[in-house]
Amino acid sequence: MKLEHILLGVLLMRPSTGYDLKRYMDARGTFLRPNTQMSQVYRCLSSMEERGWVWHTVEPRPGAQDAKTYRVTDEGITVFMDWLTAPYSPTTIYTRDPGFYGRLAFCGFLQPDQVIELLDREILARQLQIKRYRDRDRSVPEEPQLPFDAELQSLVEERSHELGSLYMDQHVAWCIELREELQSRSSQRRIRAVD
């Protein structure tokens with residue numbers, strides 16, 4: 001997930017200054033892209049403005065530097081929505097996958113069935129990973145070139161596997177629960193629309 005997608009999404013929710021965007025990146029945005037510097041935000045805004053994705057107005061501030069408030073252009077909306085609605089391809093590392101969680105962060109711009117489809121892809125990918133890797137051979141090779149504590153290595157690897165399995169199972173359960181909630185919500189909306 002690129003910084004430009006995050007910034008476009010935030011700007012589509014609310015026109016903002018570079019400072020506002022940096023505050024977002026330091027709070028909620030840090031889970032999508034950690035350690036974003038102010039200079040990166042401004043460079044990205046400048047680049048997006050050059051490409052015609054955003055534009056700004058200047059708000060004079062007496063006694064302080066004027067503030068630029070950025071808004072998204074039609075071209076920027078297209079770029080953002082193309083990214084948001086592009087087919088999601090899960091990575092092998094599910095924890096905080098920016099492709100998945102980035103789309104969830106801006107799911108308010110999607111239809112419920114699009115979010116359900118995203119969840120379906122994530123659930124299937126993780127279930128296939130569980131099937132493929134859960135019971136894999138985790139034995140430690142015993143031909144080290146240096147002194148090597150195979151028992152220690154096996155213990156730590158096995159405990160890491162247990163923790164990873166727990167997290168993966170919780171992640172899949174969370175995705176399934178959210179999908180079911182969205183499906184129920186969609187059903188209720190359809191019933192109300194018929195009445």
# chains A, B, ... in the order shown; residues from 1 in each chain; ligands from 1
$ residues_around --residues "Glu49 in chain A" --least-positions-apart "6" --cutoff "10 Å" --atoms "only C-alpha atoms" --output "PyMOL selection string"
chain A and resi 43+55-56+70-73+76
$ select_by_dssp --residues "range 35-155 of chain A" --states "alpha helix (DSSP H)" --output "JSON, numbers by chain"
{"A": [38, 39, 40, 41, 42, 43, 44, 45, 46, 47, 48, 49, 50, 74, 75, 76, 77, 78, 79, 80, 81, 82, 83, 84, 85, 98, 99, 100, 101, 102, 103, 104, 105, 112, 113, 114, 115, 116, 117, 118, 119, 120, 121, 122, 123, 124, 125, 126, 127, 128, 129, 130, 131, 132, 133, 150, 151, 152, 153, 154, 155]}
$ select_by_dssp --residues "range 3-191 of chain A" --states "strand (DSSP E or B)" --output "compact mmCIF listing (two decimals) with N, CA and C atoms, in the first residue's frame"
# COMPACT_ATOMS: atom_id res chain seq x y z
N SER A 16 -7.90 18.25 4.15
CA SER A 16 -6.96 18.38 5.27
C SER A 16 -5.71 19.13 4.85
N THR A 17 -5.03 19.65 5.86
CA THR A 17 -3.71 20.25 5.65
C THR A 17 -2.66 19.13 5.75
N VAL A 54 -4.71 15.86 -6.59
CA VAL A 54 -5.19 16.73 -5.52
C VAL A 54 -4.97 18.18 -5.93
N TRP A 55 -5.66 19.07 -5.26
CA TRP A 55 -5.45 20.50 -5.42
C TRP A 55 -5.57 21.12 -4.05
N HIS A 56 -5.12 22.37 -3.90
CA HIS A 56 -5.18 22.99 -2.58
C HIS A 56 -5.68 24.43 -2.67
N THR A 57 -6.19 24.87 -1.55
CA THR A 57 -6.51 26.27 -1.35
C THR A 57 -5.64 26.76 -0.20
N VAL A 58 -5.39 28.06 -0.18
CA VAL A 58 -4.54 28.63 0.87
C VAL A 58 -5.42 29.40 1.84
N GLU A 59 -5.25 29.08 3.11
CA GLU A 59 -5.98 29.78 4.16
C GLU A 59 -4.99 30.66 4.92
N ALA A 67 -1.92 28.18 5.66
CA ALA A 67 -2.17 26.74 5.60
C ALA A 67 -2.76 26.37 4.24
N LYS A 68 -2.22 25.29 3.67
CA LYS A 68 -2.78 24.73 2.44
C LYS A 68 -3.72 23.60 2.81
N THR A 69 -4.97 23.70 2.35
CA THR A 69 -5.93 22.63 2.56
C THR A 69 -6.09 21.89 1.25
N TYR A 70 -5.85 20.59 1.32
CA TYR A 70 -5.86 19.75 0.12
C TYR A 70 -7.19 19.04 -0.05
N ARG A 71 -7.60 18.91 -1.32
CA ARG A 71 -8.81 18.18 -1.70
C ARG A 71 -8.47 17.28 -2.88
N VAL A 72 -9.28 16.27 -3.10
CA VAL A 72 -9.03 15.28 -4.15
C VAL A 72 -9.78 15.68 -5.42
$ residues_around --residues "Ala105 in chain A" --least-positions-apart "2" --cutoff "10 Å" --atoms "only C-alpha atoms" --output "PyMOL selection string"
chain A and resi 6+9-10+28-29+31-32+98+100-103+107-109
$ residues_around --residues "range 147-161 of chain A" --least-positions-apart "5" --cutoff "10 Å" --atoms "only C-alpha atoms" --output "PDB file with all heavy atoms, in the first residue's frame"
ATOM      1  N   TYR A 133       0.610 -25.284   5.828  1.00  0.00           N
ATOM      2  CA  TYR A 133       1.762 -25.101   6.707  1.00  0.00           C
ATOM      3  C   TYR A 133       1.568 -25.544   8.157  1.00  0.00           C
ATOM      4  O   TYR A 133       2.545 -25.673   8.884  1.00  0.00           O
ATOM      5  CB  TYR A 133       2.198 -23.628   6.706  1.00  0.00           C
ATOM      6  CG  TYR A 133       2.652 -23.158   5.356  1.00  0.00           C
ATOM      7  CD1 TYR A 133       1.924 -22.211   4.642  1.00  0.00           C
ATOM      8  CD2 TYR A 133       3.805 -23.666   4.774  1.00  0.00           C
ATOM      9  CE1 TYR A 133       2.346 -21.764   3.396  1.00  0.00           C
ATOM     10  CE2 TYR A 133       4.234 -23.238   3.528  1.00  0.00           C
ATOM     11  CZ  TYR A 133       3.502 -22.288   2.842  1.00  0.00           C
ATOM     12  OH  TYR A 133       3.916 -21.870   1.618  1.00  0.00           O
ATOM     13  N   ARG A 134       0.357 -25.741   8.602  1.00  0.00           N
ATOM     14  CA  ARG A 134       0.128 -26.021  10.018  1.00  0.00           C
ATOM     15  C   ARG A 134       0.896 -27.259  10.486  1.00  0.00           C
ATOM     16  O   ARG A 134       1.525 -27.262  11.528  1.00  0.00           O
ATOM     17  CB  ARG A 134      -1.371 -26.177  10.271  1.00  0.00           C
ATOM     18  CG  ARG A 134      -1.799 -26.498  11.689  1.00  0.00           C
ATOM     19  CD  ARG A 134      -1.514 -25.383  12.704  1.00  0.00           C
ATOM     20  NE  ARG A 134      -1.949 -24.071  12.347  1.00  0.00           N
ATOM     21  CZ  ARG A 134      -3.116 -23.509  12.674  1.00  0.00           C
ATOM     22  NH1 ARG A 134      -4.006 -24.175  13.368  1.00  0.00           N
ATOM     23  NH2 ARG A 134      -3.384 -22.281  12.314  1.00  0.00           N
ATOM     24  N   ASP A 135       0.872 -28.308   9.714  1.00  0.00           N
ATOM     25  CA  ASP A 135       1.513 -29.556  10.138  1.00  0.00           C
ATOM     26  C   ASP A 135       2.800 -29.842   9.365  1.00  0.00           C
ATOM     27  O   ASP A 135       3.204 -30.991   9.224  1.00  0.00           O
ATOM     28  CB  ASP A 135       0.517 -30.712   9.976  1.00  0.00           C
ATOM     29  CG  ASP A 135      -0.697 -30.524  10.874  1.00  0.00           C
ATOM     30  OD1 ASP A 135      -0.520 -30.103  12.036  1.00  0.00           O
ATOM     31  OD2 ASP A 135      -1.822 -30.770  10.404  1.00  0.00           O
ATOM     32  N   ARG A 138       8.812 -29.383  11.003  1.00  0.00           N
ATOM     33  CA  ARG A 138       9.493 -28.292  11.686  1.00  0.00           C
ATOM     34  C   ARG A 138      10.771 -28.778  12.371  1.00  0.00           C
ATOM     35  O   ARG A 138      11.294 -28.127  13.254  1.00  0.00           O
ATOM     36  CB  ARG A 138       8.544 -27.641  12.695  1.00  0.00           C
ATOM     37  CG  ARG A 138       7.384 -26.926  12.023  1.00  0.00           C
ATOM     38  CD  ARG A 138       6.534 -26.137  12.989  1.00  0.00           C
ATOM     39  NE  ARG A 138       5.962 -26.939  14.055  1.00  0.00           N
ATOM     40  CZ  ARG A 138       4.878 -27.704  13.932  1.00  0.00           C
ATOM     41  NH1 ARG A 138       4.262 -27.781  12.785  1.00  0.00           N
ATOM     42  NH2 ARG A 138       4.417 -28.397  14.948  1.00  0.00           N
ATOM     43  N   SER A 139      11.274 -29.929  11.944  1.00  0.00           N
ATOM     44  CA  SER A 139      12.497 -30.453  12.557  1.00  0.00           C
ATOM     45  C   SER A 139      13.681 -29.558  12.196  1.00  0.00           C
ATOM     46  O   SER A 139      13.718 -28.929  11.137  1.00  0.00           O
ATOM     47  CB  SER A 139      12.745 -31.894  12.118  1.00  0.00           C
ATOM     48  OG  SER A 139      12.859 -31.959  10.711  1.00  0.00           O
ATOM     49  N   VAL A 140      14.643 -29.509  13.090  1.00  0.00           N
ATOM     50  CA  VAL A 140      15.812 -28.655  12.917  1.00  0.00           C
ATOM     51  C   VAL A 140      16.942 -29.481  12.306  1.00  0.00           C
ATOM     52  O   VAL A 140      17.289 -30.541  12.827  1.00  0.00           O
ATOM     53  CB  VAL A 140      16.261 -28.081  14.289  1.00  0.00           C
ATOM     54  CG1 VAL A 140      17.508 -27.245  14.147  1.00  0.00           C
ATOM     55  CG2 VAL A 140      15.127 -27.280  14.907  1.00  0.00           C
ATOM     56  N   PRO A 141      17.542 -29.017  11.197  1.00  0.00           N
ATOM     57  CA  PRO A 141      18.678 -29.746  10.623  1.00  0.00           C
ATOM     58  C   PRO A 141      19.837 -29.784  11.618  1.00  0.00           C
ATOM     59  O   PRO A 141      20.062 -28.829  12.349  1.00  0.00           O
ATOM     60  CB  PRO A 141      19.052 -28.936   9.385  1.00  0.00           C
ATOM     61  CG  PRO A 141      18.132 -27.787   9.315  1.00  0.00           C
ATOM     62  CD  PRO A 141      17.220 -27.808  10.489  1.00  0.00           C
ATOM     63  N   GLU A 142      20.552 -30.891  11.643  1.00  0.00           N
ATOM     64  CA  GLU A 142      21.596 -31.046  12.658  1.00  0.00           C
ATOM     65  C   GLU A 142      22.981 -31.213  12.052  1.00  0.00           C
ATOM     66  O   GLU A 142      23.716 -32.119  12.388  1.00  0.00           O
ATOM     67  CB  GLU A 142      21.255 -32.232  13.558  1.00  0.00           C
ATOM     68  CG  GLU A 142      19.944 -32.013  14.274  1.00  0.00           C
ATOM     69  CD  GLU A 142      19.934 -32.568  15.666  1.00  0.00           C
ATOM     70  OE1 GLU A 142      20.999 -32.853  16.224  1.00  0.00           O
ATOM     71  OE2 GLU A 142      18.831 -32.716  16.195  1.00  0.00           O
ATOM     72  N   LEU A 166      -2.089 -19.718  16.801  1.00  0.00           N
ATOM     73  CA  LEU A 166      -3.129 -19.063  17.589  1.00  0.00           C
ATOM     74  C   LEU A 166      -3.579 -17.761  16.924  1.00  0.00           C
ATOM     75  O   LEU A 166      -4.769 -17.513  16.751  1.00  0.00           O
ATOM     76  CB  LEU A 166      -2.627 -18.795  19.007  1.00  0.00           C
ATOM     77  CG  LEU A 166      -3.559 -18.038  19.944  1.00  0.00           C
ATOM     78  CD1 LEU A 166      -4.781 -18.879  20.284  1.00  0.00           C
ATOM     79  CD2 LEU A 166      -2.812 -17.647  21.207  1.00  0.00           C
ATOM     80  N   TYR A 167      -2.604 -16.938  16.532  1.00  0.00           N
ATOM     81  CA  TYR A 167      -2.926 -15.669  15.875  1.00  0.00           C
ATOM     82  C   TYR A 167      -3.661 -15.892  14.556  1.00  0.00           C
ATOM     83  O   TYR A 167      -4.618 -15.192  14.245  1.00  0.00           O
ATOM     84  CB  TYR A 167      -1.672 -14.843  15.627  1.00  0.00           C
ATOM     85  CG  TYR A 167      -1.084 -14.194  16.852  1.00  0.00           C
ATOM     86  CD1 TYR A 167       0.233 -13.764  16.857  1.00  0.00           C
ATOM     87  CD2 TYR A 167      -1.829 -13.990  18.016  1.00  0.00           C
ATOM     88  CE1 TYR A 167       0.793 -13.158  17.970  1.00  0.00           C
ATOM     89  CE2 TYR A 167      -1.283 -13.392  19.127  1.00  0.00           C
ATOM     90  CZ  TYR A 167       0.028 -12.971  19.104  1.00  0.00           C
ATOM     91  OH  TYR A 167       0.580 -12.368  20.205  1.00  0.00           O
TER      92      TYR A 167
END
$ closest_residue --among "A:Pro34, A:Met48, A:Ser186, A:Asp169" --to "Glu75 in chain A" --atoms "only C-alpha atoms"
A:Met48
$ residues_around --residues "Ile176 in chain A" --least-positions-apart "5" --cutoff "9 Å" --atoms "only C-alpha atoms" --output "number ranges by chain"
A: 119-120, 123, 171, 181
$ atom_distance --atom1 "CA of Gly99 in chain A" --atom2 "CA of Lys2 in chain A"
9.5 Å
$ closest_residue --among "A:Ile116, A:Leu146, A:Ala125, A:Leu163" --to "Ser184 in chain A" --atoms "only C-alpha atoms"
A:Ile116
$ closest_residue --among "A:Leu182, A:Leu21, A:Leu118, A:Leu104" --to "Pro90 in chain A" --atoms "only C-alpha atoms"
A:Leu118
$ atom_distance --atom1 "CA of Tyr88 in chain A" --atom2 "CA of Trp174 in chain A"
18.2 Å
$ residues_around --residues "Thr78 in chain A" --least-positions-apart "6" --cutoff "12 Å" --atoms "only C-alpha atoms" --output "VMD selection string"
chain A and resid 5 8 to 9 12 52 to 54 72 84 to 86
$ closest_residue --among "A:Glu177, A:Glu122, A:Asp26, A:Glu4" --to "Asp97 in chain A" --atoms "only C-alpha atoms"
A:Glu122
$ atom_distance --atom1 "CA of Ser39 in chain A" --atom2 "CA of Arg14 in chain A"
20.8 Å
